[in-house]
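Colleague: Below: one structure in structure tokens.
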Amino acid sequence: MSLFPIFLKLAGRKCLVVGAGEIAESKIHSLLSAEAQVVVVAPEAKAELASLAEEGRFAWQRREFVEADLDGVFLVVAATDLPEVNAAVYREAAKQDVLCNAVDDPPNCDFYFPSIVRRDKLQVAISTSGESPALAQQLRREIEEQLPQDLGPWLDALGELRREVLAVLPPGESRKLLLHELAQRSVCQSDACPSRQFARDKEAILRHQ
């Protein structure tokens, strides 16, 4: 089965996690990082997760999962250590058209959590379609070693310069080529940045063609 790679905006969206142990911990942190409205259903929780709940980072319902927990939910993660519970969550989610991931159980997943390499806004996601998470993690480590740590500030500056170009030049092949050239250059926030001057010179030439 082919997967459709996509980056979702989860900010403010209600996301449910069933389970609050070792299996659920990384998923809860991932959803919190995406600014989702996280609700956790579990009779017990790891001490670290219980502390986060007390701080108000997410809502914790201290009980077993019930079907009504899926009301208004955008996606759900079944992350207990009981396969039969995870499968039951998936079946109910399918009935209600709610996207579900049952951790380490590919047949009961609508989506997978990829291995991620992050440099601020830059994200490289790696998936093996659930076949070998270990391979995905190995590839993540290899990419981590190759990507510079300062890509975040560079990407911010590049994005700002891109918006300036889009505001000046109309859509077309010339604008596209300029943006690709800029993506291969060093860019900084300074107005005297050579790449910014390069972009201004190119813009002037293209506007008068």
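Residues in the structure tokens are named by chain (A, B, ... in the order shown) and by number from 1 within that chain; ligands are numbered from 1 in the order shown.
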If we count only C-alpha atoms and set the cut-off at 8 Å, which residues sit around region 59-76 of chain A, ignoring sequence neighbours fewer than 6 positions away in its own chain? Please answer as a VMD selection string.
Modeller: chain A and resid 13 to 18 38 to 44 53 89 92 to 93 96 98 to 101
Colleague: Go ahead and dump the residues you just picked, C-alpha atoms, as a short mmCIF file (atom, residue, chain, number, x, y, z; two decimals), in the first residue's frame.
Modeller:
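For reference, out-v3.cif as written:
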data_model
loop_
_atom_site.label_atom_id
_atom_site.label_comp_id
_atom_site.auth_asym_id
_atom_site.auth_seq_id
_atom_site.Cartn_x
_atom_site.Cartn_y
_atom_site.Cartn_z
CA ARG A 13 -6.64 20.41 17.25
CA LYS A 14 -7.83 17.80 19.71
CA CYS A 15 -5.63 14.71 19.62
CA LEU A 16 -6.22 11.69 21.83
CA VAL A 17 -3.59 9.34 23.23
CA VAL A 18 -4.77 6.11 24.84
CA VAL A 38 -3.68 16.68 23.78
CA VAL A 39 -6.03 14.50 25.80
CA VAL A 40 -4.66 11.35 27.44
CA VAL A 41 -6.84 8.48 28.64
CA ALA A 42 -5.15 5.97 30.95
CA PRO A 43 -5.75 4.58 34.45
CA GLU A 44 -2.08 5.18 35.36
CA ALA A 53 -0.55 16.77 33.27
CA VAL A 89 -9.31 1.73 19.71
CA GLU A 92 -13.77 2.31 16.96
CA ALA A 93 -11.75 5.11 15.35
CA GLN A 96 -16.00 7.30 13.48
CA VAL A 98 -10.91 9.34 13.06
CA LEU A 99 -7.30 8.81 11.96
CA CYS A 100 -5.57 6.27 14.20
CA ASN A 101 -2.05 5.06 14.89
#
Colleague: Between CA of Pro171 (chain A) and CA of Leu155 (chain A), what is the distance in Å, rounded to a tenth?
Modeller: 21.7 Å
Colleague: Nearest residue to Ser127 (chain A) out of A:Thr80, A:Ser186, A:Ser30, A:Ser2, using only C-alpha atoms?
Modeller: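 Closest residue, counting only C-alpha atoms: A:Ser2.
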Colleague: What is the CA of Leu169 (chain A) to CA of Asp156 (chain A) distance in Å?
Modeller: 20.2 Å
Colleague: Just how far from CA of Ala78 (chain A) is CA of Val103 (chain A), in Å to one decimal?
Modeller: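 Separating CA of Val103 (chain A) from CA of Ala78 (chain A) is a distance of 6.3 Å.
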Colleague: Report as a PDB file with N, CA and C atoms, in the first residue's frame: the residues of region 33-180 of chain A with a DSSP assignment of strand (DSSP E or B), based on the backbone of this structure.
Modeller:
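The file below, out_15.pdb, is the result:
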ATOM      1  N   GLN A  37      -3.897  20.044  20.941  1.00  0.00           N
ATOM      2  CA  GLN A  37      -4.643  19.984  22.197  1.00  0.00           C
ATOM      3  C   GLN A  37      -4.706  18.506  22.581  1.00  0.00           C
ATOM      4  N   VAL A  38      -3.857  18.092  23.481  1.00  0.00           N
ATOM      5  CA  VAL A  38      -3.684  16.675  23.776  1.00  0.00           C
ATOM      6  C   VAL A  38      -4.548  16.243  24.964  1.00  0.00           C
ATOM      7  N   VAL A  39      -5.266  15.147  24.745  1.00  0.00           N
ATOM      8  CA  VAL A  39      -6.035  14.500  25.805  1.00  0.00           C
ATOM      9  C   VAL A  39      -5.509  13.079  25.948  1.00  0.00           C
ATOM     10  N   VAL A  40      -5.182  12.686  27.175  1.00  0.00           N
ATOM     11  CA  VAL A  40      -4.660  11.346  27.442  1.00  0.00           C
ATOM     12  C   VAL A  40      -5.662  10.585  28.293  1.00  0.00           C
ATOM     13  N   VAL A  41      -5.951   9.358  27.867  1.00  0.00           N
ATOM     14  CA  VAL A  41      -6.838   8.479  28.636  1.00  0.00           C
ATOM     15  C   VAL A  41      -6.027   7.274  29.085  1.00  0.00           C
ATOM     16  N   ALA A  59      -4.575  17.268  29.077  1.00  0.00           N
ATOM     17  CA  ALA A  59      -5.652  16.791  29.955  1.00  0.00           C
ATOM     18  C   ALA A  59      -5.519  15.287  30.132  1.00  0.00           C
ATOM     19  N   TRP A  60      -5.614  14.832  31.371  1.00  0.00           N
ATOM     20  CA  TRP A  60      -5.466  13.408  31.677  1.00  0.00           C
ATOM     21  C   TRP A  60      -6.757  12.881  32.278  1.00  0.00           C
ATOM     22  N   GLN A  61      -7.382  11.934  31.574  1.00  0.00           N
ATOM     23  CA  GLN A  61      -8.564  11.248  32.079  1.00  0.00           C
ATOM     24  C   GLN A  61      -8.106   9.922  32.688  1.00  0.00           C
ATOM     25  N   LEU A  75      -7.281  13.128  15.579  1.00  0.00           N
ATOM     26  CA  LEU A  75      -6.576  11.858  15.416  1.00  0.00           C
ATOM     27  C   LEU A  75      -6.340  11.239  16.783  1.00  0.00           C
ATOM     28  N   VAL A  76      -6.090   9.932  16.775  1.00  0.00           N
ATOM     29  CA  VAL A  76      -5.880   9.211  18.020  1.00  0.00           C
ATOM     30  C   VAL A  76      -4.671   8.296  17.895  1.00  0.00           C
ATOM     31  N   VAL A  77      -3.945   8.165  18.996  1.00  0.00           N
ATOM     32  CA  VAL A  77      -2.820   7.245  19.070  1.00  0.00           C
ATOM     33  C   VAL A  77      -3.135   6.204  20.143  1.00  0.00           C
ATOM     34  N   ALA A  78      -3.179   4.955  19.742  1.00  0.00           N
ATOM     35  CA  ALA A  78      -3.392   3.853  20.684  1.00  0.00           C
ATOM     36  C   ALA A  78      -2.024   3.362  21.122  1.00  0.00           C
ATOM     37  N   LEU A  99      -8.599   9.387  12.277  1.00  0.00           N
ATOM     38  CA  LEU A  99      -7.303   8.810  11.956  1.00  0.00           C
ATOM     39  C   LEU A  99      -6.676   8.188  13.199  1.00  0.00           C
ATOM     40  N   CYS A 100      -6.112   6.982  13.043  1.00  0.00           N
ATOM     41  CA  CYS A 100      -5.568   6.270  14.197  1.00  0.00           C
ATOM     42  C   CYS A 100      -4.197   5.677  13.900  1.00  0.00           C
ATOM     43  N   ASN A 101      -3.328   5.758  14.914  1.00  0.00           N
ATOM     44  CA  ASN A 101      -2.053   5.056  14.891  1.00  0.00           C
ATOM     45  C   ASN A 101      -2.003   4.152  16.096  1.00  0.00           C
ATOM     46  N   ALA A 102      -1.901   2.850  15.866  1.00  0.00           N
ATOM     47  CA  ALA A 102      -1.680   1.895  16.946  1.00  0.00           C
ATOM     48  C   ALA A 102      -0.193   1.574  16.948  1.00  0.00           C
ATOM     49  N   CYS A 109      -3.118   0.808  11.704  1.00  0.00           N
ATOM     50  CA  CYS A 109      -2.654   2.195  11.578  1.00  0.00           C
ATOM     51  C   CYS A 109      -3.197   2.835  10.300  1.00  0.00           C
ATOM     52  N   SER A 115      10.609   8.842  11.660  1.00  0.00           N
ATOM     53  CA  SER A 115      11.789   9.326  12.360  1.00  0.00           C
ATOM     54  C   SER A 115      12.086  10.718  11.815  1.00  0.00           C
ATOM     55  N   ILE A 116      12.375  11.647  12.706  1.00  0.00           N
ATOM     56  CA  ILE A 116      12.493  13.047  12.310  1.00  0.00           C
ATOM     57  C   ILE A 116      13.883  13.592  12.603  1.00  0.00           C
ATOM     58  N   VAL A 117      14.422  14.333  11.635  1.00  0.00           N
ATOM     59  CA  VAL A 117      15.609  15.154  11.847  1.00  0.00           C
ATOM     60  C   VAL A 117      15.133  16.596  11.838  1.00  0.00           C
ATOM     61  N   ARG A 118      15.402  17.351  12.921  1.00  0.00           N
ATOM     62  CA  ARG A 118      14.905  18.726  13.035  1.00  0.00           C
ATOM     63  C   ARG A 118      16.053  19.719  13.138  1.00  0.00           C
ATOM     64  N   ARG A 119      15.897  20.801  12.400  1.00  0.00           N
ATOM     65  CA  ARG A 119      16.726  21.982  12.553  1.00  0.00           C
ATOM     66  C   ARG A 119      15.757  23.166  12.561  1.00  0.00           C
ATOM     67  N   LEU A 122      13.123  23.385   9.729  1.00  0.00           N
ATOM     68  CA  LEU A 122      13.453  22.334   8.768  1.00  0.00           C
ATOM     69  C   LEU A 122      13.214  20.973   9.405  1.00  0.00           C
ATOM     70  N   GLN A 123      12.440  20.128   8.732  1.00  0.00           N
ATOM     71  CA  GLN A 123      12.197  18.777   9.203  1.00  0.00           C
ATOM     72  C   GLN A 123      12.408  17.792   8.049  1.00  0.00           C
ATOM     73  N   VAL A 124      13.159  16.755   8.327  1.00  0.00           N
ATOM     74  CA  VAL A 124      13.336  15.657   7.384  1.00  0.00           C
ATOM     75  C   VAL A 124      12.679  14.433   8.008  1.00  0.00           C
ATOM     76  N   ALA A 125      11.649  13.913   7.352  1.00  0.00           N
ATOM     77  CA  ALA A 125      10.899  12.780   7.895  1.00  0.00           C
ATOM     78  C   ALA A 125      11.235  11.512   7.126  1.00  0.00           C
ATOM     79  N   ILE A 126      11.416  10.417   7.867  1.00  0.00           N
ATOM     80  CA  ILE A 126      11.795   9.134   7.266  1.00  0.00           C
ATOM     81  C   ILE A 126      10.801   8.071   7.708  1.00  0.00           C
TER      82      ILE A 126
END
Colleague: Leaving out Pro107 (chain A) and any residue of its chain fewer than 3 positions from it, which residues lie within 12 Å of it when counting only C-alpha atoms, given as an NGL selection string?
Modeller: :A and (1 or 83 or 86-87 or 90-91 or 100-104 or 110-112 or 129-131)
Colleague: Using only C-alpha atoms, which residues sit within 9 Å of Ala34 (chain A) once same-chain residues fewer than 3 positions away are excluded, as a VMD selection string?
Modeller: chain A and resid 8 to 11 29 to 31
Colleague: A:Ser26, A:Gln149, A:Phe113, A:Glu54: which is nearest Phe7 (chain A), counting only C-alpha atoms?
Modeller: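 Looking at the shortest contact to Phe7 (chain A), the residue is A:Phe113.
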Colleague: Write out as a ChimeraX atom specification each polymer residue whose atoms come within 12 Å of Gln184 (chain A), counting only C-alpha atoms; drop sequence neighbours fewer than 6 positions from it.
Modeller: /A:154-155,158,177-178,195
Colleague: Could you write out the selected residues, including N, CA and C atoms, as a PDB file, in the first residue's frame?
Modeller:
ATOM      1  N   TRP A 154      19.563  30.091   9.169  1.00  0.00           N
ATOM      2  CA  TRP A 154      19.727  30.260   7.722  1.00  0.00           C
ATOM      3  C   TRP A 154      18.391  30.132   7.002  1.00  0.00           C
ATOM      4  N   LEU A 155      17.582  29.146   7.415  1.00  0.00           N
ATOM      5  CA  LEU A 155      16.287  28.947   6.774  1.00  0.00           C
ATOM      6  C   LEU A 155      15.361  30.130   7.039  1.00  0.00           C
ATOM      7  N   LEU A 158      16.470  32.781   4.692  1.00  0.00           N
ATOM      8  CA  LEU A 158      16.113  32.407   3.326  1.00  0.00           C
ATOM      9  C   LEU A 158      14.618  32.599   3.098  1.00  0.00           C
ATOM     10  N   LEU A 177      13.733  30.006 -10.993  1.00  0.00           N
ATOM     11  CA  LEU A 177      15.179  29.788 -11.075  1.00  0.00           C
ATOM     12  C   LEU A 177      15.919  30.622 -10.045  1.00  0.00           C
ATOM     13  N   LEU A 178      15.476  31.865  -9.825  1.00  0.00           N
ATOM     14  CA  LEU A 178      16.115  32.726  -8.838  1.00  0.00           C
ATOM     15  C   LEU A 178      15.987  32.131  -7.432  1.00  0.00           C
ATOM     16  N   SER A 195      23.901  37.750  -0.713  1.00  0.00           N
ATOM     17  CA  SER A 195      22.799  37.067  -1.384  1.00  0.00           C
ATOM     18  C   SER A 195      21.595  37.996  -1.569  1.00  0.00           C
TER      19      SER A 195
END
Colleague: Which is closest to Glu25 (chain A) among A:Gly56, A:Gln137, A:Ala50, A:Phe4, if we use only C-alpha atoms?
Modeller: A:Ala50
Colleague: What's around Asp81 (chain A) at 9 Å? Count only C-alpha atoms, leave out sequence neighbours fewer than 6 positions away in its own chain, and write the answer as a ChimeraX atom specification.
Modeller: /A:19,21-23
Colleague: Using DSSP on the backbone coordinates, identify the residues of region 11-196 of chain A assigned to alpha helix (DSSP H); present them as an NGL selection string.
Modeller: :A and (22-33 or 47-54 or 83-95 or 133-146 or 151-168 or 173-182 or 194-196)
